[in-house]
$ cat coords-v1.cif   # mmCIF, C-alpha atoms
data_final
#
loop_
_atom_site.label_atom_id
_atom_site.label_comp_id
_atom_site.auth_asym_id
_atom_site.auth_seq_id
_atom_site.Cartn_x
_atom_site.Cartn_y
_atom_site.Cartn_z
CA MET E 1 54.37 8.05 -4.11
CA ILE E 2 54.22 4.35 -4.90
CA GLN E 3 53.99 3.34 -8.54
CA GLU E 4 50.71 1.81 -9.67
CA GLU E 5 52.42 -1.34 -10.97
CA LYS E 6 54.10 -1.86 -7.62
CA LEU E 7 50.82 -1.29 -5.81
CA ILE E 8 49.03 -3.83 -8.00
CA GLU E 9 51.82 -6.31 -7.35
CA GLN E 10 51.49 -5.81 -3.60
CA LEU E 11 47.74 -6.18 -3.78
CA ASN E 12 48.21 -9.37 -5.73
CA ASN E 13 50.37 -10.72 -2.92
CA LEU E 14 47.30 -10.70 -0.68
CA LYS E 15 46.18 -13.69 -2.69
CA SER E 16 48.34 -15.78 -0.38
CA ILE E 17 45.73 -15.37 2.34
CA SER E 18 43.69 -18.52 2.71
CA PRO E 19 41.56 -20.13 5.38
CA SER E 20 43.02 -22.76 7.63
CA ASP E 21 42.39 -26.32 6.60
CA ALA E 22 40.66 -27.01 9.90
CA PHE E 23 38.20 -24.18 9.33
CA ALA E 24 37.60 -25.19 5.71
CA SER E 25 36.81 -28.81 6.54
CA ARG E 26 34.74 -27.94 9.61
CA LEU E 27 32.62 -25.43 7.68
CA LYS E 28 32.17 -27.83 4.79
CA GLY E 29 30.90 -30.47 7.18
CA VAL E 30 28.45 -28.03 8.75
CA ILE E 31 27.11 -26.76 5.43
CA LEU E 32 26.73 -30.13 3.77
CA SER E 33 24.96 -31.54 6.82
CA THR E 34 22.49 -28.68 6.66
CA GLN E 35 19.35 -29.72 4.82
CA LYS E 36 18.72 -27.42 1.92
CA PRO E 37 15.13 -26.11 2.04
CA GLN E 38 13.30 -27.87 -0.79
CA ARG E 39 10.71 -26.25 -2.98
CA ASN E 40 7.49 -27.96 -1.92
CA VAL E 41 5.51 -28.40 -5.12
CA PHE E 42 2.23 -29.65 -3.62
CA GLY E 43 2.59 -28.41 -0.08
CA ILE E 44 2.10 -25.22 1.84
CA ASN E 45 4.88 -23.36 0.09
CA ARG E 46 3.30 -23.95 -3.29
CA LEU E 47 -0.16 -23.15 -1.91
CA SER E 48 1.03 -19.90 -0.42
CA ILE E 49 2.74 -18.97 -3.67
CA SER E 50 -0.43 -19.79 -5.66
CA LEU E 51 -2.57 -17.86 -3.21
CA LYS E 52 -0.23 -14.90 -3.36
CA GLU E 53 -0.24 -15.00 -7.15
CA SER E 54 -4.04 -15.29 -7.43
CA LEU E 55 -4.58 -12.57 -4.85
CA GLY E 56 -2.13 -10.39 -6.68
CA PHE E 57 -3.96 -11.00 -9.96
CA THR E 58 -7.39 -10.31 -8.41
CA LEU E 59 -6.18 -7.13 -6.79
CA SER E 60 -4.62 -6.03 -10.06
CA VAL E 61 -7.84 -6.63 -12.00
CA GLY E 62 -9.89 -4.88 -9.32
CA LEU E 63 -7.57 -1.91 -9.28
CA VAL E 64 -7.62 -1.66 -13.06
CA ALA E 65 -11.45 -1.82 -13.05
CA ILE E 66 -11.63 0.98 -10.47
CA LEU E 67 -9.18 3.11 -12.41
CA VAL E 68 -11.11 2.57 -15.66
CA ALA E 69 -14.40 3.44 -13.89
CA LEU E 70 -12.87 6.60 -12.47
CA PHE E 71 -11.43 7.47 -15.85
CA LEU E 72 -14.85 7.07 -17.52
CA GLY E 73 -16.56 9.08 -14.78
CA ILE E 74 -18.74 6.20 -13.59
CA THR E 75 -20.17 6.69 -10.10
CA PRO E 76 -22.59 4.57 -8.02
CA GLN E 77 -25.44 6.98 -8.89
CA THR E 78 -24.93 6.48 -12.63
CA VAL E 79 -24.74 2.74 -12.23
CA SER E 80 -27.82 2.27 -9.97
CA PRO E 81 -30.56 2.69 -12.71
CA ILE E 82 -28.83 0.05 -14.80
CA ILE E 83 -28.63 -2.30 -11.88
CA GLY E 84 -32.26 -1.45 -10.89
CA SER E 85 -33.69 -2.34 -14.30
CA ALA E 86 -31.71 -5.54 -14.39
CA THR E 87 -32.88 -6.56 -10.91
CA PRO E 88 -36.22 -4.94 -10.11
CA GLY E 89 -36.54 -6.76 -6.81
CA ALA E 90 -33.45 -4.99 -5.63
CA ASP E 91 -35.01 -1.50 -6.08
CA SER E 92 -34.85 -0.17 -2.57
CA VAL E 93 -37.19 2.83 -3.18
CA SER E 94 -40.13 0.76 -4.48
CA MET E 95 -39.58 -1.83 -1.77
CA LEU E 96 -39.76 0.91 0.84
CA ASN E 97 -43.01 2.32 -0.65
CA GLN E 98 -44.59 -1.14 -0.67
CA ALA E 99 -43.62 -1.69 2.93
CA ASN E 100 -45.08 1.68 3.96
CA ALA E 101 -48.38 0.91 2.16
CA ALA E 102 -48.67 -2.45 3.90
CA VAL E 103 -48.05 -0.88 7.27
CA SER E 104 -50.74 1.79 6.71
CA ASP E 105 -53.28 -0.94 5.65
CA ILE E 106 -52.59 -2.81 8.85
CA ASP E 107 -53.08 0.42 10.84
CA ILE E 108 -56.49 1.06 9.18
CA HIS E 109 -57.74 -2.45 9.98
CA LEU E 110 -56.64 -2.15 13.57
CA ALA E 111 -58.54 1.17 13.91
CA GLU E 112 -61.73 -0.44 12.54
CA VAL E 113 -61.44 -3.30 14.99
CA ASP E 114 -61.12 -0.81 17.83
CA THR E 115 -64.21 1.09 16.66
CA PHE E 116 -66.39 -2.04 16.39
CA ASP E 117 -65.19 -3.21 19.76
CA ALA E 118 -66.13 0.12 21.36
CA ALA E 119 -69.61 0.08 19.72
CA ALA E 120 -70.31 -3.46 20.87
CA GLN E 121 -69.29 -2.55 24.38
CA GLN E 122 -71.61 0.47 24.42
CA THR E 123 -74.59 -1.60 23.14
CA SER E 124 -74.00 -4.25 25.74
CA ASN E 125 -73.91 -1.64 28.48
CA ALA E 126 -77.16 -0.09 27.24
CA LEU E 127 -79.04 -3.44 27.14
CA THR E 128 -77.85 -4.27 30.65
CA ASN E 129 -79.11 -1.03 32.10
CA ILE E 130 -82.50 -0.88 30.26
CA ASN E 131 -85.72 -0.30 32.31
CA PRO E 132 -88.47 -3.00 31.66
CA SER E 133 -91.30 -0.44 32.05
CA SER E 134 -89.82 1.79 29.45
CA MET E 135 -89.62 -1.27 27.18
CA SER E 136 -93.34 -2.05 27.53
CA GLN E 137 -94.18 1.57 27.02
CA GLU E 138 -92.20 1.56 23.87
CA ARG E 139 -93.99 -1.57 22.71
CA ASN E 140 -97.34 0.08 23.28
CA ASN E 141 -96.20 3.12 21.41
CA ILE E 142 -95.45 1.10 18.34
CA GLY E 143 -98.84 -0.81 18.65
CA ALA E 144 -97.38 -4.19 19.19
CA SER E 145 -99.65 -6.96 20.48
CA SER E 146 -99.08 -8.20 23.96
CA THR E 147 -99.98 -11.79 23.05
CA SER E 148 -97.47 -14.33 23.81
CA VAL E 149 -95.90 -16.81 21.44
CA SER E 150 -97.94 -19.67 22.84
CA ASP E 151 -101.23 -17.83 21.99
CA ASP E 152 -100.11 -17.37 18.42
CA ALA E 153 -99.32 -21.09 18.20
CA SER E 154 -102.79 -22.12 19.45
CA LYS E 155 -104.39 -19.81 16.83
CA ILE E 156 -102.40 -21.48 14.10
CA ASP E 157 -103.51 -24.89 15.36
CA ASP E 158 -107.14 -23.77 15.23
CA VAL E 159 -106.83 -22.57 11.68
CA LEU E 160 -105.24 -25.83 10.59
CA SER E 161 -107.95 -27.97 12.21
CA LYS E 162 -110.64 -25.92 10.41
CA LEU E 163 -108.93 -26.39 7.14
CA SER E 164 -108.62 -30.13 7.62
CA ASN E 165 -112.40 -30.38 8.42
CA MET V 1 35.13 -19.43 -13.43
CA LEU V 2 34.94 -23.08 -12.45
CA GLU V 3 34.63 -25.53 -15.33
CA GLY V 4 31.13 -27.01 -15.58
CA GLU V 5 29.95 -24.49 -13.01
CA GLN V 6 26.43 -24.14 -14.34
CA GLN V 7 25.86 -27.89 -14.23
CA LEU V 8 27.12 -27.96 -10.64
CA VAL V 9 24.81 -25.09 -9.75
CA GLU V 10 21.83 -26.88 -11.29
CA ARG V 11 22.66 -30.05 -9.39
CA ALA V 12 23.06 -28.07 -6.17
CA LYS V 13 19.71 -26.41 -6.80
CA SER V 14 18.08 -29.82 -6.97
CA GLY V 15 19.55 -30.62 -3.55
CA ASP V 16 22.82 -32.35 -4.52
CA SER V 17 25.09 -31.38 -1.64
CA SER V 18 28.18 -32.91 -3.25
CA ALA V 19 27.79 -30.50 -6.18
CA PHE V 20 27.62 -27.60 -3.76
CA GLY V 21 30.67 -29.07 -2.03
CA LEU V 22 32.68 -28.68 -5.23
CA LEU V 23 31.53 -25.08 -5.61
CA TYR V 24 32.46 -24.52 -1.98
CA ASP V 25 35.98 -25.93 -2.44
CA TYR V 26 36.58 -23.60 -5.36
CA TYR V 27 35.11 -20.42 -3.90
CA LEU V 28 35.88 -20.70 -0.18
CA PRO V 29 39.45 -19.25 -0.37
CA ARG V 30 38.24 -16.36 -2.53
CA ILE V 31 35.28 -15.45 -0.36
CA TYR V 32 37.25 -15.88 2.85
CA ARG V 33 40.09 -13.69 1.52
CA PHE V 34 37.62 -11.04 0.40
CA VAL V 35 35.99 -10.99 3.83
CA LEU V 36 39.23 -11.10 5.81
CA ILE V 37 40.81 -8.17 3.94
CA LYS V 38 37.69 -6.14 4.65
CA VAL V 39 37.10 -7.05 8.30
CA GLY V 40 40.75 -7.52 9.25
CA HIS V 41 40.13 -10.22 11.84
CA ARG V 42 40.43 -13.94 11.30
CA GLU V 43 37.67 -15.12 13.62
CA VAL V 44 35.19 -12.52 12.43
CA ALA V 45 36.07 -13.40 8.85
CA GLU V 46 35.45 -17.07 9.58
CA ASP V 47 32.07 -16.32 11.14
CA ILE V 48 30.99 -14.15 8.21
CA THR V 49 32.26 -16.65 5.64
CA HIS V 50 30.39 -19.40 7.47
CA LEU V 51 27.15 -17.43 7.38
CA ALA V 52 27.65 -16.41 3.76
CA PHE V 53 28.07 -20.00 2.56
CA LEU V 54 25.11 -21.17 4.63
CA LYS V 55 22.96 -18.46 3.10
CA ALA V 56 24.21 -19.36 -0.36
CA TRP V 57 23.36 -23.04 0.18
CA GLU V 58 19.90 -22.26 1.52
CA ASN V 59 19.10 -19.69 -1.16
CA ILE V 60 20.83 -21.14 -4.19
CA ASP V 61 17.44 -21.38 -5.95
CA ARG V 62 17.49 -17.59 -6.21
CA TYR V 63 20.59 -17.66 -8.38
CA SER V 64 19.93 -17.82 -12.08
CA TYR V 65 22.61 -17.69 -14.71
CA ARG V 66 22.46 -14.42 -16.64
CA GLY V 67 25.90 -14.40 -18.17
CA HIS V 68 27.69 -13.92 -14.84
CA PRO V 69 29.45 -16.68 -12.93
CA PHE V 70 28.21 -18.08 -9.67
CA GLY V 71 31.12 -16.30 -7.97
CA SER V 72 29.62 -12.87 -8.62
CA TRP V 73 26.48 -13.95 -6.81
CA LEU V 74 28.53 -15.41 -3.95
CA TYR V 75 30.47 -12.16 -3.54
CA ARG V 76 27.17 -10.36 -3.36
CA VAL V 77 25.91 -12.74 -0.67
CA ALA V 78 29.15 -12.21 1.27
CA ARG V 79 28.82 -8.41 1.00
CA ASN V 80 25.24 -8.53 2.27
CA THR V 81 26.26 -10.82 5.13
CA MET V 82 28.99 -8.37 6.12
CA MET V 83 26.52 -5.49 6.02
CA ASP V 84 24.13 -7.47 8.24
CA HIS V 85 27.01 -8.19 10.61
CA TYR V 86 27.93 -4.54 10.97
CA ARG V 87 24.30 -3.52 11.23
CA SER V 88 23.78 -5.82 14.21
CA SER V 89 27.07 -4.93 15.92
CA SER V 90 29.06 -1.72 16.13
CA PRO V 91 31.75 -1.54 13.45
CA GLN V 92 35.22 -2.37 14.72
CA ILE V 93 38.56 -2.27 13.04
CA TYR V 94 40.83 -5.10 14.06
CA ILE V 95 43.80 -3.99 12.05
CA ASP V 96 46.36 -4.67 14.79
CA ASP V 97 45.54 -8.31 15.31
CA THR V 98 44.42 -9.09 11.86
CA PHE V 99 46.00 -10.48 8.86
CA ILE V 100 49.41 -10.32 10.46
CA GLU V 101 48.42 -12.63 13.25
CA PRO V 102 50.18 -15.97 12.85
CA GLU V 103 48.50 -18.53 10.67
CA ALA V 104 46.87 -21.34 12.59
CA ASP V 105 48.85 -23.80 10.50
CA GLY V 106 52.16 -21.95 11.00
CA PRO V 107 54.08 -19.89 8.42
CA ARG V 108 53.69 -20.93 4.81
CA PRO V 109 56.71 -22.01 2.84
CA GLY V 110 58.32 -19.14 0.97
CA GLU V 111 56.53 -16.51 2.92
CA ASN V 112 59.03 -13.90 4.09
CA ILE V 113 58.91 -11.05 6.54
CA ASP V 114 59.09 -8.34 3.87
CA THR V 115 56.04 -9.65 2.09
CA LYS V 116 54.17 -9.80 5.36
CA MET V 117 55.10 -6.22 6.22
CA GLU V 118 54.09 -4.99 2.77
CA SER V 119 50.81 -6.79 3.10
CA GLU V 120 50.29 -5.21 6.50
CA ARG V 121 50.87 -1.73 5.07
CA ILE V 122 48.42 -2.40 2.25
CA MET V 123 45.83 -3.70 4.70
CA LYS V 124 46.11 -0.62 6.87
CA ALA V 125 45.77 1.60 3.83
CA MET V 126 42.76 -0.36 2.59
CA VAL V 127 40.91 0.37 5.82
CA ARG V 128 40.87 4.06 4.86
CA LEU V 129 38.94 3.35 1.67
CA SER V 130 35.17 3.21 1.56
CA GLY V 131 33.52 -0.20 1.64
CA LEU V 132 32.67 -0.04 -2.06
CA GLU V 133 36.20 1.03 -2.97
CA GLN V 134 37.59 -1.87 -0.93
CA ASP V 135 35.26 -4.29 -2.75
CA VAL V 136 36.36 -3.07 -6.16
CA ILE V 137 40.09 -3.11 -5.35
CA ILE V 138 39.97 -6.59 -3.80
CA MET V 139 37.98 -8.08 -6.65
CA ARG V 140 39.97 -6.38 -9.39
CA PHE V 141 43.56 -6.69 -8.10
CA VAL V 142 43.54 -9.46 -5.52
CA GLU V 143 41.10 -11.80 -7.23
CA ASP V 144 41.77 -10.57 -10.79
CA LEU V 145 38.08 -10.51 -11.69
CA PRO V 146 37.11 -8.74 -14.92
CA THR V 147 35.33 -5.41 -14.58
CA ARG V 148 32.07 -6.97 -15.82
CA GLU V 149 31.95 -9.49 -12.99
CA VAL V 150 32.89 -6.88 -10.39
CA ALA V 151 30.08 -4.68 -11.69
CA GLU V 152 27.64 -7.57 -11.28
CA ALA V 153 28.87 -8.34 -7.77
CA VAL V 154 28.65 -4.77 -6.49
CA GLY V 155 25.50 -3.89 -8.44
CA LYS V 156 27.05 -1.04 -10.44
CA SER V 157 27.70 -0.39 -14.11
CA GLU V 158 31.08 -1.19 -15.60
CA GLY V 159 31.75 2.52 -16.10
CA ALA V 160 31.02 3.20 -12.45
CA VAL V 161 33.33 0.38 -11.39
CA LYS V 162 36.17 1.80 -13.51
CA LEU V 163 35.67 5.21 -11.94
CA ILE V 164 35.60 3.79 -8.40
CA GLN V 165 38.73 1.76 -9.17
CA HIS V 166 40.58 4.83 -10.48
CA ARG V 167 39.71 6.90 -7.39
CA ALA V 168 40.53 4.08 -4.99
CA MET V 169 43.94 3.43 -6.56
CA LYS V 170 44.78 7.14 -6.38
CA LYS V 171 43.77 7.20 -2.70
CA LEU V 172 45.87 4.12 -1.95
CA ARG V 173 48.90 5.56 -3.70
CA ASP V 174 48.49 8.81 -1.76
CA ILE V 175 48.24 6.94 1.53
CA LEU V 176 51.23 4.71 0.82
#

$ encode --input "coords-v1.cif" --output "structure tokens"
Amino acid sequence: MIQEEKLIEQLNNLKSISPSDAFASRLKGVILSTQKPQRNVFGINRLSISLKESLGFTLSVGLVAILVALFLGITPQTVSPIIGSATPGADSVSMLNQANAAVSDIDIHLAEVDTFDAAAQQTSNALTNINPSSMSQERNNIGASSTSVSDDASKIDDVLSKLSN
Amino acid sequence: MLEGEQQLVERAKSGDSSAFGLLYDYYLPRIYRFVLIKVGHREVAEDITHLAFLKAWENIDRYSYRGHPFGSWLYRVARNTMMDHYRSSSPQIYIDDTFIEPEADGPRPGENIDTKMESERIMKAMVRLSGLEQDVIIMRFVEDLPTREVAEAVGKSEGAVKLIQHRAMKKLRDIL
């Protein structure tokens, strides 16, 4: 078995390995002619970094808030009364009740309109189909005078002329 | 660690390519060696080293000094690049045409056949270690990095690195 000192010496001889000068100069030329990517302070790189950082921060805060809420046992049901008192207009239950009441009012008015319309139609039909003889008979029954309007007017004229004399 | 390394890194971060060029000159042989010993093939090692340095240049803003040299971060980039390479292609061992293949620039002065053969034996033995064990052995005994820097590069504790090193050395000695 080879001695460790001898082995180390042989390993150290490998130090004589070196790249050819042609390779070294060619590679150096290639590398130094390659433009090093610059850190763009005000450009897209910076913007993307800032966006990533801000998104990361927002997500972190959001996650922490959710974890704290879960830890404290806060659920949407426990939070809704607080939110409802702070913003009454956003109470969905009362808004729904108000909407239902308005709809029922509108329905009532529409029903009344239908009723009046039907009654008016029936009256019109009755007046169209009335018998003139039955009308005069009815007038006699109630003792109404058969004098015409022009007769009444002449009587009034007579009375006025008497008064003026 | 390269002198004035942190200043160079800061300049490179602000887009100074010449500063990165100096870092490259210092670290290229180390990173290339690290990759080549692991993959065992010169062309593959060149491709991976190429990608690793490109990634390092493009992502140098991600490096911040925390008591560890820039090299530790570069080794880490190279390791990740190798992992990506093997993830996208089936792992292959190129031990036969690897390190022993002739240098593009011809043999180096003073380099002898015995040293080459010893290095070949070590390379073949290294292939039988796990990837992490290879990393630790290369960094500790080829690159002479302190345990602390190796720990930073491989993402382990110093104690874990010492344990991995002990096991890997025992395995290597058994193999050889």

$ resolve_selection --input "coords-v1.cif" --expression "the PyMOL selection byres ((chain V) within 7 of (chain E))" --output "PyMOL selection string"
chain V and resi 15+17+29+32-33+50+54+57-58+104-105+118-119+141-142+173-174+176

$ write_last_selection --input "coords-v1.cif" --atoms "C-alpha atoms" --output "PDB file, in the frame of the given file"
ATOM      1  CA  GLY V  15      19.550 -30.620  -3.550  1.00  0.00           C
ATOM      2  CA  SER V  17      25.090 -31.380  -1.640  1.00  0.00           C
ATOM      3  CA  PRO V  29      39.450 -19.250  -0.370  1.00  0.00           C
ATOM      4  CA  TYR V  32      37.250 -15.880   2.850  1.00  0.00           C
ATOM      5  CA  ARG V  33      40.090 -13.690   1.520  1.00  0.00           C
ATOM      6  CA  HIS V  50      30.390 -19.400   7.470  1.00  0.00           C
ATOM      7  CA  LEU V  54      25.110 -21.170   4.630  1.00  0.00           C
ATOM      8  CA  TRP V  57      23.360 -23.040   0.180  1.00  0.00           C
ATOM      9  CA  GLU V  58      19.900 -22.260   1.520  1.00  0.00           C
ATOM     10  CA  ALA V 104      46.870 -21.340  12.590  1.00  0.00           C
ATOM     11  CA  ASP V 105      48.850 -23.800  10.500  1.00  0.00           C
ATOM     12  CA  GLU V 118      54.090  -4.990   2.770  1.00  0.00           C
ATOM     13  CA  SER V 119      50.810  -6.790   3.100  1.00  0.00           C
ATOM     14  CA  PHE V 141      43.560  -6.690  -8.100  1.00  0.00           C
ATOM     15  CA  VAL V 142      43.540  -9.460  -5.520  1.00  0.00           C
ATOM     16  CA  ARG V 173      48.900   5.560  -3.700  1.00  0.00           C
ATOM     17  CA  ASP V 174      48.490   8.810  -1.760  1.00  0.00           C
ATOM     18  CA  LEU V 176      51.230   4.710   0.820  1.00  0.00           C
TER      19      LEU V 176
END

$ atom_distance --input "coords-v1.cif" --atom1 "atom CA of Ser18 of chain V" --atom2 "atom CA of Glu5 of chain V"
13.0 Å

$ atom_distance --input "coords-v1.cif" --atom1 "atom CA of His166 of chain V" --atom2 "atom CA of Glu152 of chain V"
17.9 Å

$ resolve_selection --input "coords-v1.cif" --expression "the PyMOL selection byres ((chain V and resi 71-88) around 8)" --output "list in words"
Met1, Tyr27, Ile31, Val35, Ile48, Thr49, Leu51, Ala52, Phe53, Lys55, Ala56, Tyr63, His68, Pro69, Phe70, Ser89, Ser90, Pro91, Glu149, Val150, Glu152, Ala153 and Val154 of chain V

$ atom_distance --input "coords-v1.cif" --atom1 "atom CA of Ala125 of chain V" --atom2 "atom CA of Leu172 of chain V"
6.3 Å

$ closest_residue --input "coords-v1.cif" --among "V:Tyr26, V:Tyr65, V:Phe34, V:Phe20" --to "Met123 of chain V" --atoms "all atoms listed in the file"
V:Phe34

$ closest_residue --input "coords-v1.cif" --among "V:Leu23, V:Ile60, V:Ile138, V:Ile37" --to "Lys124 of chain V" --atoms "only C-alpha atoms"
V:Ile37

$ decode --input "coords-v1.cif" --residues "segment 49-77 of chain V" --atoms "N, CA and C atoms" --output "JSON list (two decimals), in the first residue's frame"
[["chain", "number", "residue", "atom", "x", "y", "z"],
["V", 49, "THR", "N", -15.30, 24.65, -18.28],
["V", 49, "THR", "CA", -14.60, 25.82, -17.73],
["V", 49, "THR", "C", -15.13, 27.11, -18.37],
["V", 50, "HIS", "N", -15.31, 27.04, -19.67],
["V", 50, "HIS", "CA", -15.88, 28.17, -20.41],
["V", 50, "HIS", "C", -17.23, 28.58, -19.81],
["V", 51, "LEU", "N", -18.11, 27.60, -19.67],
["V", 51, "LEU", "CA", -19.45, 27.89, -19.14],
["V", 51, "LEU", "C", -19.38, 28.40, -17.70],
["V", 52, "ALA", "N", -18.49, 27.81, -16.92],
["V", 52, "ALA", "CA", -18.38, 28.21, -15.51],
["V", 52, "ALA", "C", -17.94, 29.67, -15.39],
["V", 53, "PHE", "N", -16.97, 30.09, -16.18],
["V", 53, "PHE", "CA", -16.52, 31.48, -16.10],
["V", 53, "PHE", "C", -17.56, 32.45, -16.67],
["V", 54, "LEU", "N", -18.27, 32.01, -17.68],
["V", 54, "LEU", "CA", -19.36, 32.87, -18.19],
["V", 54, "LEU", "C", -20.43, 33.08, -17.14],
["V", 55, "LYS", "N", -20.78, 31.98, -16.48],
["V", 55, "LYS", "CA", -21.80, 32.08, -15.41],
["V", 55, "LYS", "C", -21.30, 32.98, -14.29],
["V", 56, "ALA", "N", -20.03, 32.82, -13.95],
["V", 56, "ALA", "CA", -19.46, 33.62, -12.86],
["V", 56, "ALA", "C", -19.50, 35.11, -13.22],
["V", 57, "TRP", "N", -19.17, 35.42, -14.46],
["V", 57, "TRP", "CA", -19.18, 36.82, -14.92],
["V", 57, "TRP", "C", -20.59, 37.40, -14.91],
["V", 58, "GLU", "N", -21.55, 36.60, -15.35],
["V", 58, "GLU", "CA", -22.93, 37.08, -15.43],
["V", 58, "GLU", "C", -23.61, 37.17, -14.06],
["V", 59, "ASN", "N", -23.12, 36.34, -13.13],
["V", 59, "ASN", "CA", -23.79, 36.29, -11.82],
["V", 59, "ASN", "C", -22.90, 36.75, -10.69],
["V", 60, "ILE", "N", -21.91, 37.54, -11.00],
["V", 60, "ILE", "CA", -20.96, 37.93, -9.95],
["V", 60, "ILE", "C", -21.63, 38.77, -8.86],
["V", 61, "ASP", "N", -22.77, 39.40, -9.20],
["V", 61, "ASP", "CA", -23.50, 40.17, -8.18],
["V", 61, "ASP", "C", -23.97, 39.30, -7.03],
["V", 62, "ARG", "N", -24.13, 38.01, -7.30],
["V", 62, "ARG", "CA", -24.62, 37.11, -6.24],
["V", 62, "ARG", "C", -23.54, 36.77, -5.23],
["V", 63, "TYR", "N", -22.30, 37.02, -5.59],
["V", 63, "TYR", "CA", -21.22, 36.73, -4.64],
["V", 63, "TYR", "C", -21.08, 37.86, -3.65],
["V", 64, "SER", "N", -21.07, 37.52, -2.39],
["V", 64, "SER", "CA", -20.79, 38.53, -1.37],
["V", 64, "SER", "C", -19.75, 37.95, -0.42],
["V", 65, "TYR", "N", -18.83, 38.79, -0.05],
["V", 65, "TYR", "CA", -17.72, 38.33, 0.78],
["V", 65, "TYR", "C", -18.21, 38.04, 2.20],
["V", 66, "ARG", "N", -18.03, 36.79, 2.61],
["V", 66, "ARG", "CA", -18.41, 36.40, 3.97],
["V", 66, "ARG", "C", -17.25, 35.65, 4.62],
["V", 67, "GLY", "N", -16.07, 36.18, 4.41],
["V", 67, "GLY", "CA", -14.89, 35.57, 5.02],
["V", 67, "GLY", "C", -14.25, 34.50, 4.16],
["V", 68, "HIS", "N", -14.85, 34.20, 3.01],
["V", 68, "HIS", "CA", -14.30, 33.18, 2.12],
["V", 68, "HIS", "C", -13.88, 33.83, 0.81],
["V", 69, "PRO", "N", -12.77, 33.40, 0.25],
["V", 69, "PRO", "CA", -12.30, 34.03, -0.99],
["V", 69, "PRO", "C", -13.23, 33.77, -2.16],
["V", 70, "PHE", "N", -13.04, 34.58, -3.17],
["V", 70, "PHE", "CA", -13.82, 34.47, -4.39],
["V", 70, "PHE", "C", -13.66, 33.06, -5.01],
["V", 71, "GLY", "N", -12.48, 32.48, -4.81],
["V", 71, "GLY", "CA", -12.19, 31.16, -5.37],
["V", 71, "GLY", "C", -13.16, 30.09, -4.90],
["V", 72, "SER", "N", -13.57, 30.16, -3.64],
["V", 72, "SER", "CA", -14.50, 29.16, -3.11],
["V", 72, "SER", "C", -15.82, 29.22, -3.88],
["V", 73, "TRP", "N", -16.23, 30.46, -4.15],
["V", 73, "TRP", "CA", -17.49, 30.65, -4.91],
["V", 73, "TRP", "C", -17.31, 30.14, -6.35],
["V", 74, "LEU", "N", -16.14, 30.41, -6.92],
["V", 74, "LEU", "CA", -15.89, 29.94, -8.30],
["V", 74, "LEU", "C", -15.88, 28.42, -8.38],
["V", 75, "TYR", "N", -15.27, 27.77, -7.39],
["V", 75, "TYR", "CA", -15.29, 26.30, -7.38],
["V", 75, "TYR", "C", -16.74, 25.79, -7.32],
["V", 76, "ARG", "N", -17.52, 26.50, -6.54],
["V", 76, "ARG", "CA", -18.92, 26.08, -6.42],
["V", 76, "ARG", "C", -19.65, 26.23, -7.76],
["V", 77, "VAL", "N", -19.40, 27.33, -8.44],
["V", 77, "VAL", "CA", -20.00, 27.55, -9.76],
["V", 77, "VAL", "C", -19.55, 26.45, -10.72]]
